[in-house]
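Undergrad: Have a look at this one before I ask anything.
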Amino acid sequence: MSGWPQDIENKAQSLIAAFSKRGLMVATAESCTGGLIVGALTEVSGSSMVVDRGFVTYSNDAKIQMLGVDLATLAAHGAVSRQTAIEMVRGALTHSKADLAVAVTGIAGPGGGSVEKPVGLVHLAAASRGGNVIHREMRYGDIGRDSVRLATVRTALDMLEEAAGG
């Protein structure tokens, strides 16, 4: 891999190896990371056996059109919310052949934050087909756009592993 921090590179390699062995396919639904999660996974040789697809749904319209996120959810809770992340991960499973999916939506900064939803707030959801949805609300802080995005990739990869049962 080129350009990825070593821990992300190692985690992506171990996930691709483990999921390949188990015959598991993965999808991602990404907002604030803009495809970085699927990018980290597809850097690994052999990832074509594991990665089904990545949805980059940066806008609300994309979340609705590509993942089936409900407009009412976005209106009531906003794009950066537990509810939206959960609908995103369910949509990624519905609109793919994946066995596992992870979804992320957040505020990477430097702008866009508020008192209720500060820069560095990211909601993540992971699920296996027919399994429970795991949700995490992460408050990475105003640590810089790149750092928020990389921290989100790390958490998302951990959550994929968790959704697969370790």
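The way I read the labels, and the way they are meant: chains A, B, ... in the order of the structure tokens, residue 1 as the first residue of every chain, and ligand 1 as the first ligand shown, with later ones counted on from there.
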Quick one: residues within 7 Å of region 113-123 of chain A, only C-alpha atoms, excluding same-chain residues fewer than 5 positions away - as a PyMOL selection string?

TA: chain A and resi 80-82+85+104-108+136-142+148

Undergrad: Near region 40-52 of chain A, within 9 Å and counting only C-alpha atoms, which residues show up once chain neighbours fewer than 5 positions away are dropped, as a PDB file with N, CA and C atoms, in the first residue's frame?

TA:
ATOM      1  N   MET A   1       0.838  -1.190   0.000  1.00  0.00           N
ATOM      2  CA  MET A   1       0.000   0.000   0.000  1.00  0.00           C
ATOM      3  C   MET A   1       0.876   1.244   0.000  1.00  0.00           C
ATOM      4  N   SER A   2       0.319   2.298  -0.514  1.00  0.00           N
ATOM      5  CA  SER A   2       1.097   3.532  -0.536  1.00  0.00           C
ATOM      6  C   SER A   2       0.312   4.660   0.106  1.00  0.00           C
ATOM      7  N   TRP A   4      -0.816   5.100   3.131  1.00  0.00           N
ATOM      8  CA  TRP A   4      -1.683   4.830   4.288  1.00  0.00           C
ATOM      9  C   TRP A   4      -0.830   4.664   5.532  1.00  0.00           C
ATOM     10  N   ILE A   8      -3.511   1.294   9.578  1.00  0.00           N
ATOM     11  CA  ILE A   8      -4.643   1.125   8.664  1.00  0.00           C
ATOM     12  C   ILE A   8      -4.315   0.080   7.610  1.00  0.00           C
ATOM     13  N   GLU A   9      -3.111   0.154   7.078  1.00  0.00           N
ATOM     14  CA  GLU A   9      -2.656  -0.829   6.089  1.00  0.00           C
ATOM     15  C   GLU A   9      -2.729  -2.247   6.669  1.00  0.00           C
ATOM     16  N   LYS A  11      -4.504  -3.364   9.256  1.00  0.00           N
ATOM     17  CA  LYS A  11      -5.881  -3.746   9.554  1.00  0.00           C
ATOM     18  C   LYS A  11      -6.614  -4.134   8.274  1.00  0.00           C
ATOM     19  N   ALA A  12      -6.451  -3.346   7.220  1.00  0.00           N
ATOM     20  CA  ALA A  12      -7.106  -3.653   5.938  1.00  0.00           C
ATOM     21  C   ALA A  12      -6.633  -5.004   5.409  1.00  0.00           C
ATOM     22  N   GLN A  13      -5.333  -5.265   5.482  1.00  0.00           N
ATOM     23  CA  GLN A  13      -4.796  -6.552   5.023  1.00  0.00           C
ATOM     24  C   GLN A  13      -5.369  -7.710   5.827  1.00  0.00           C
ATOM     25  N   LEU A  15      -8.228  -7.808   7.491  1.00  0.00           N
ATOM     26  CA  LEU A  15      -9.653  -7.960   7.196  1.00  0.00           C
ATOM     27  C   LEU A  15      -9.860  -8.652   5.855  1.00  0.00           C
ATOM     28  N   ILE A  16      -9.131  -8.231   4.841  1.00  0.00           N
ATOM     29  CA  ILE A  16      -9.272  -8.862   3.514  1.00  0.00           C
ATOM     30  C   ILE A  16      -8.931 -10.349   3.611  1.00  0.00           C
ATOM     31  N   ALA A  17      -7.864 -10.690   4.314  1.00  0.00           N
ATOM     32  CA  ALA A  17      -7.478 -12.097   4.466  1.00  0.00           C
ATOM     33  C   ALA A  17      -8.549 -12.894   5.211  1.00  0.00           C
ATOM     34  N   PHE A  19     -11.815 -12.134   5.770  1.00  0.00           N
ATOM     35  CA  PHE A  19     -13.101 -12.180   5.075  1.00  0.00           C
ATOM     36  C   PHE A  19     -13.018 -13.071   3.839  1.00  0.00           C
ATOM     37  N   SER A  20     -11.879 -13.061   3.173  1.00  0.00           N
ATOM     38  CA  SER A  20     -11.679 -13.922   2.006  1.00  0.00           C
ATOM     39  C   SER A  20     -11.763 -15.390   2.414  1.00  0.00           C
ATOM     40  N   GLY A  23     -15.318 -16.214   3.024  1.00  0.00           N
ATOM     41  CA  GLY A  23     -16.225 -15.984   1.906  1.00  0.00           C
ATOM     42  C   GLY A  23     -17.183 -14.834   2.122  1.00  0.00           C
ATOM     43  N   LEU A  24     -16.752 -13.819   2.867  1.00  0.00           N
ATOM     44  CA  LEU A  24     -17.607 -12.671   3.180  1.00  0.00           C
ATOM     45  C   LEU A  24     -17.340 -11.512   2.226  1.00  0.00           C
ATOM     46  N   MET A  25     -18.425 -10.873   1.802  1.00  0.00           N
ATOM     47  CA  MET A  25     -18.336  -9.684   0.953  1.00  0.00           C
ATOM     48  C   MET A  25     -18.700  -8.447   1.775  1.00  0.00           C
ATOM     49  N   VAL A  26     -18.093  -7.307   1.422  1.00  0.00           N
ATOM     50  CA  VAL A  26     -18.231  -6.062   2.173  1.00  0.00           C
ATOM     51  C   VAL A  26     -18.708  -4.931   1.259  1.00  0.00           C
ATOM     52  N   ALA A  27     -19.530  -4.044   1.832  1.00  0.00           N
ATOM     53  CA  ALA A  27     -19.892  -2.780   1.182  1.00  0.00           C
ATOM     54  C   ALA A  27     -19.666  -1.651   2.174  1.00  0.00           C
ATOM     55  N   THR A  28     -19.385  -0.465   1.650  1.00  0.00           N
ATOM     56  CA  THR A  28     -19.253   0.716   2.495  1.00  0.00           C
ATOM     57  C   THR A  28     -20.236   1.781   2.019  1.00  0.00           C
ATOM     58  N   GLY A  35     -15.022   7.891   0.500  1.00  0.00           N
ATOM     59  CA  GLY A  35     -14.482   6.706  -0.168  1.00  0.00           C
ATOM     60  C   GLY A  35     -13.167   6.188   0.396  1.00  0.00           C
ATOM     61  N   SER A  96     -26.748  -4.043  -2.227  1.00  0.00           N
ATOM     62  CA  SER A  96     -25.505  -4.726  -2.598  1.00  0.00           C
ATOM     63  C   SER A  96     -25.660  -6.223  -2.365  1.00  0.00           C
ATOM     64  N   LYS A  97     -24.595  -6.942  -2.700  1.00  0.00           N
ATOM     65  CA  LYS A  97     -24.542  -8.377  -2.427  1.00  0.00           C
ATOM     66  C   LYS A  97     -23.699  -8.660  -1.191  1.00  0.00           C
ATOM     67  N   ALA A  98     -23.388  -7.612  -0.453  1.00  0.00           N
ATOM     68  CA  ALA A  98     -22.476  -7.735   0.681  1.00  0.00           C
ATOM     69  C   ALA A  98     -23.112  -8.477   1.858  1.00  0.00           C
ATOM     70  N   VAL A 153     -11.753   6.123   9.461  1.00  0.00           N
ATOM     71  CA  VAL A 153     -11.385   4.888   8.747  1.00  0.00           C
ATOM     72  C   VAL A 153     -10.983   3.811   9.752  1.00  0.00           C
ATOM     73  N   LEU A 157     -13.033   0.263  10.202  1.00  0.00           N
ATOM     74  CA  LEU A 157     -12.419  -1.056   9.983  1.00  0.00           C
ATOM     75  C   LEU A 157     -12.601  -1.938  11.216  1.00  0.00           C
TER      76      LEU A 157
END

Undergrad: Residues of region 15-139 of chain A classed as helix (DSSP H, G or I) by DSSP on the backbone are to be reported as a PDB file with C-alpha atoms, in the first residue's frame.

TA:
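Written out: states_34.pdb:
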ATOM      1  CA  LEU A  15      -9.653  -7.960   7.196  1.00  0.00           C
ATOM      2  CA  ILE A  16      -9.272  -8.862   3.514  1.00  0.00           C
ATOM      3  CA  ALA A  17      -7.478 -12.097   4.466  1.00  0.00           C
ATOM      4  CA  ALA A  18     -10.027 -13.050   7.139  1.00  0.00           C
ATOM      5  CA  PHE A  19     -13.101 -12.180   5.075  1.00  0.00           C
ATOM      6  CA  SER A  20     -11.679 -13.922   2.006  1.00  0.00           C
ATOM      7  CA  LYS A  21     -11.135 -17.091   4.036  1.00  0.00           C
ATOM      8  CA  ARG A  22     -14.734 -16.899   5.288  1.00  0.00           C
ATOM      9  CA  LEU A  36     -11.385   6.388   2.013  1.00  0.00           C
ATOM     10  CA  ILE A  37     -12.659   3.227   3.742  1.00  0.00           C
ATOM     11  CA  VAL A  38     -13.264   1.345   0.517  1.00  0.00           C
ATOM     12  CA  GLY A  39     -10.015   2.852  -0.764  1.00  0.00           C
ATOM     13  CA  ALA A  40      -8.049   1.389   2.143  1.00  0.00           C
ATOM     14  CA  LEU A  41      -9.640  -2.024   1.584  1.00  0.00           C
ATOM     15  CA  THR A  42      -9.094  -2.056  -2.185  1.00  0.00           C
ATOM     16  CA  SER A  47      -9.676  -7.397  -2.236  1.00  0.00           C
ATOM     17  CA  SER A  48     -11.799  -8.114  -5.320  1.00  0.00           C
ATOM     18  CA  MET A  49     -12.855 -11.341  -3.598  1.00  0.00           C
ATOM     19  CA  ASN A  60     -28.441  14.158   1.217  1.00  0.00           C
ATOM     20  CA  ASP A  61     -29.814  13.458  -2.274  1.00  0.00           C
ATOM     21  CA  ALA A  62     -27.196  10.736  -2.739  1.00  0.00           C
ATOM     22  CA  LYS A  63     -28.094   9.202   0.636  1.00  0.00           C
ATOM     23  CA  ILE A  64     -31.752   9.100  -0.433  1.00  0.00           C
ATOM     24  CA  GLN A  65     -31.210   7.933  -4.031  1.00  0.00           C
ATOM     25  CA  MET A  66     -28.387   5.403  -3.551  1.00  0.00           C
ATOM     26  CA  LEU A  67     -29.139   4.034  -0.077  1.00  0.00           C
ATOM     27  CA  LEU A  71     -36.109  12.165   3.736  1.00  0.00           C
ATOM     28  CA  ALA A  72     -38.072  12.320   7.009  1.00  0.00           C
ATOM     29  CA  THR A  73     -35.042  10.928   8.880  1.00  0.00           C
ATOM     30  CA  LEU A  74     -32.793  13.592   7.389  1.00  0.00           C
ATOM     31  CA  ALA A  75     -35.343  16.320   8.161  1.00  0.00           C
ATOM     32  CA  ALA A  76     -35.854  15.196  11.759  1.00  0.00           C
ATOM     33  CA  HIS A  77     -32.301  14.226  12.743  1.00  0.00           C
ATOM     34  CA  ARG A  82     -27.319   7.898  14.653  1.00  0.00           C
ATOM     35  CA  GLN A  83     -30.554   7.408  12.710  1.00  0.00           C
ATOM     36  CA  THR A  84     -29.017   8.385   9.368  1.00  0.00           C
ATOM     37  CA  ALA A  85     -25.930   6.183   9.885  1.00  0.00           C
ATOM     38  CA  ILE A  86     -28.177   3.196  10.659  1.00  0.00           C
ATOM     39  CA  GLU A  87     -30.345   3.811   7.593  1.00  0.00           C
ATOM     40  CA  MET A  88     -27.182   4.170   5.503  1.00  0.00           C
ATOM     41  CA  VAL A  89     -25.766   0.808   6.628  1.00  0.00           C
ATOM     42  CA  ARG A  90     -29.101  -0.933   6.079  1.00  0.00           C
ATOM     43  CA  GLY A  91     -29.292   0.656   2.634  1.00  0.00           C
ATOM     44  CA  ALA A  92     -25.779  -0.507   1.772  1.00  0.00           C
ATOM     45  CA  LEU A  93     -26.789  -4.095   2.575  1.00  0.00           C
ATOM     46  CA  THR A  94     -30.097  -3.784   0.705  1.00  0.00           C
TER      47      THR A  94
END

Undergrad: Please provide the set of residues having any atom within 6 Å of Glu30 (chain A), restricted to only C-alpha atoms, with same-chain residues fewer than 2 positions apart removed, written as a ChimeraX atom specification.

TA: /A:33-35,56-57,103-104

Undergrad: Those same residues - N, CA and C atoms - I'd like them written as an mmCIF file, in the first residue's frame.

TA:
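Everything below was put into out-v8.cif:
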data_model
loop_
_atom_site.group_PDB
_atom_site.id
_atom_site.type_symbol
_atom_site.label_atom_id
_atom_site.label_comp_id
_atom_site.auth_asym_id
_atom_site.auth_seq_id
_atom_site.Cartn_x
_atom_site.Cartn_y
_atom_site.Cartn_z
ATOM 1 N N THR A 33 -15.934 10.524 4.834
ATOM 2 C CA THR A 33 -14.669 9.923 4.407
ATOM 3 C C THR A 33 -14.532 9.876 2.889
ATOM 4 N N GLY A 34 -15.586 10.129 2.157
ATOM 5 C CA GLY A 34 -15.504 10.265 0.706
ATOM 6 C C GLY A 34 -14.894 9.080 -0.032
ATOM 7 N N GLY A 35 -15.022 7.891 0.500
ATOM 8 C CA GLY A 35 -14.482 6.706 -0.168
ATOM 9 C C GLY A 35 -13.167 6.188 0.396
ATOM 10 N N VAL A 56 -20.375 6.337 -2.149
ATOM 11 C CA VAL A 56 -19.963 7.629 -1.626
ATOM 12 C C VAL A 56 -21.186 8.525 -1.731
ATOM 13 N N THR A 57 -21.805 8.767 -0.585
ATOM 14 C CA THR A 57 -23.070 9.506 -0.538
ATOM 15 C C THR A 57 -22.856 10.784 0.264
ATOM 16 N N ALA A 103 -21.161 2.146 7.562
ATOM 17 C CA ALA A 103 -21.575 3.460 7.088
ATOM 18 C C ALA A 103 -21.042 4.530 8.024
ATOM 19 N N VAL A 104 -20.655 5.665 7.435
ATOM 20 C CA VAL A 104 -20.131 6.773 8.237
ATOM 21 C C VAL A 104 -20.704 8.096 7.747
#

Undergrad: Based on the backbone DSSP call, show me all residues of region 65-115 of chain A assigned strand (DSSP E or B), as JSON, numbers by chain.

TA: {"A": [100, 101, 102, 103, 104, 105, 106]}

Undergrad: Quick one, how far is CA of Ala126 (chain A) from CA of Arg149 (chain A)?

TA: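 Going from CA of Ala126 (chain A) over to CA of Arg149 (chain A), I get 16.9 Å.
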
Undergrad: Go through A:Arg53, A:Ala29, A:Ala125, A:Pro110 one by one, measure the shortest atom-to-atom distance of each to Thr155 (chain A) using only C-alpha atoms, and give the residue with the smallest value.

TA: A:Ala125

Undergrad: Ranking A:His135, A:Ser59, A:Gly78, A:Cys32 by minimum distance to Ser147 (chain A) and counting only C-alpha atoms, which one comes first?

TA: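 Using only C-alpha atoms, Ser147 (chain A) sits closest to A:Cys32.
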
Undergrad: Rounded to one decimal in Å, what is the spacing between CA of Ala156 (chain A) and CA of Gly112 (chain A)?

TA: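 One can read the CA of Ala156 (chain A) to CA of Gly112 (chain A) distance as 21.8 Å.
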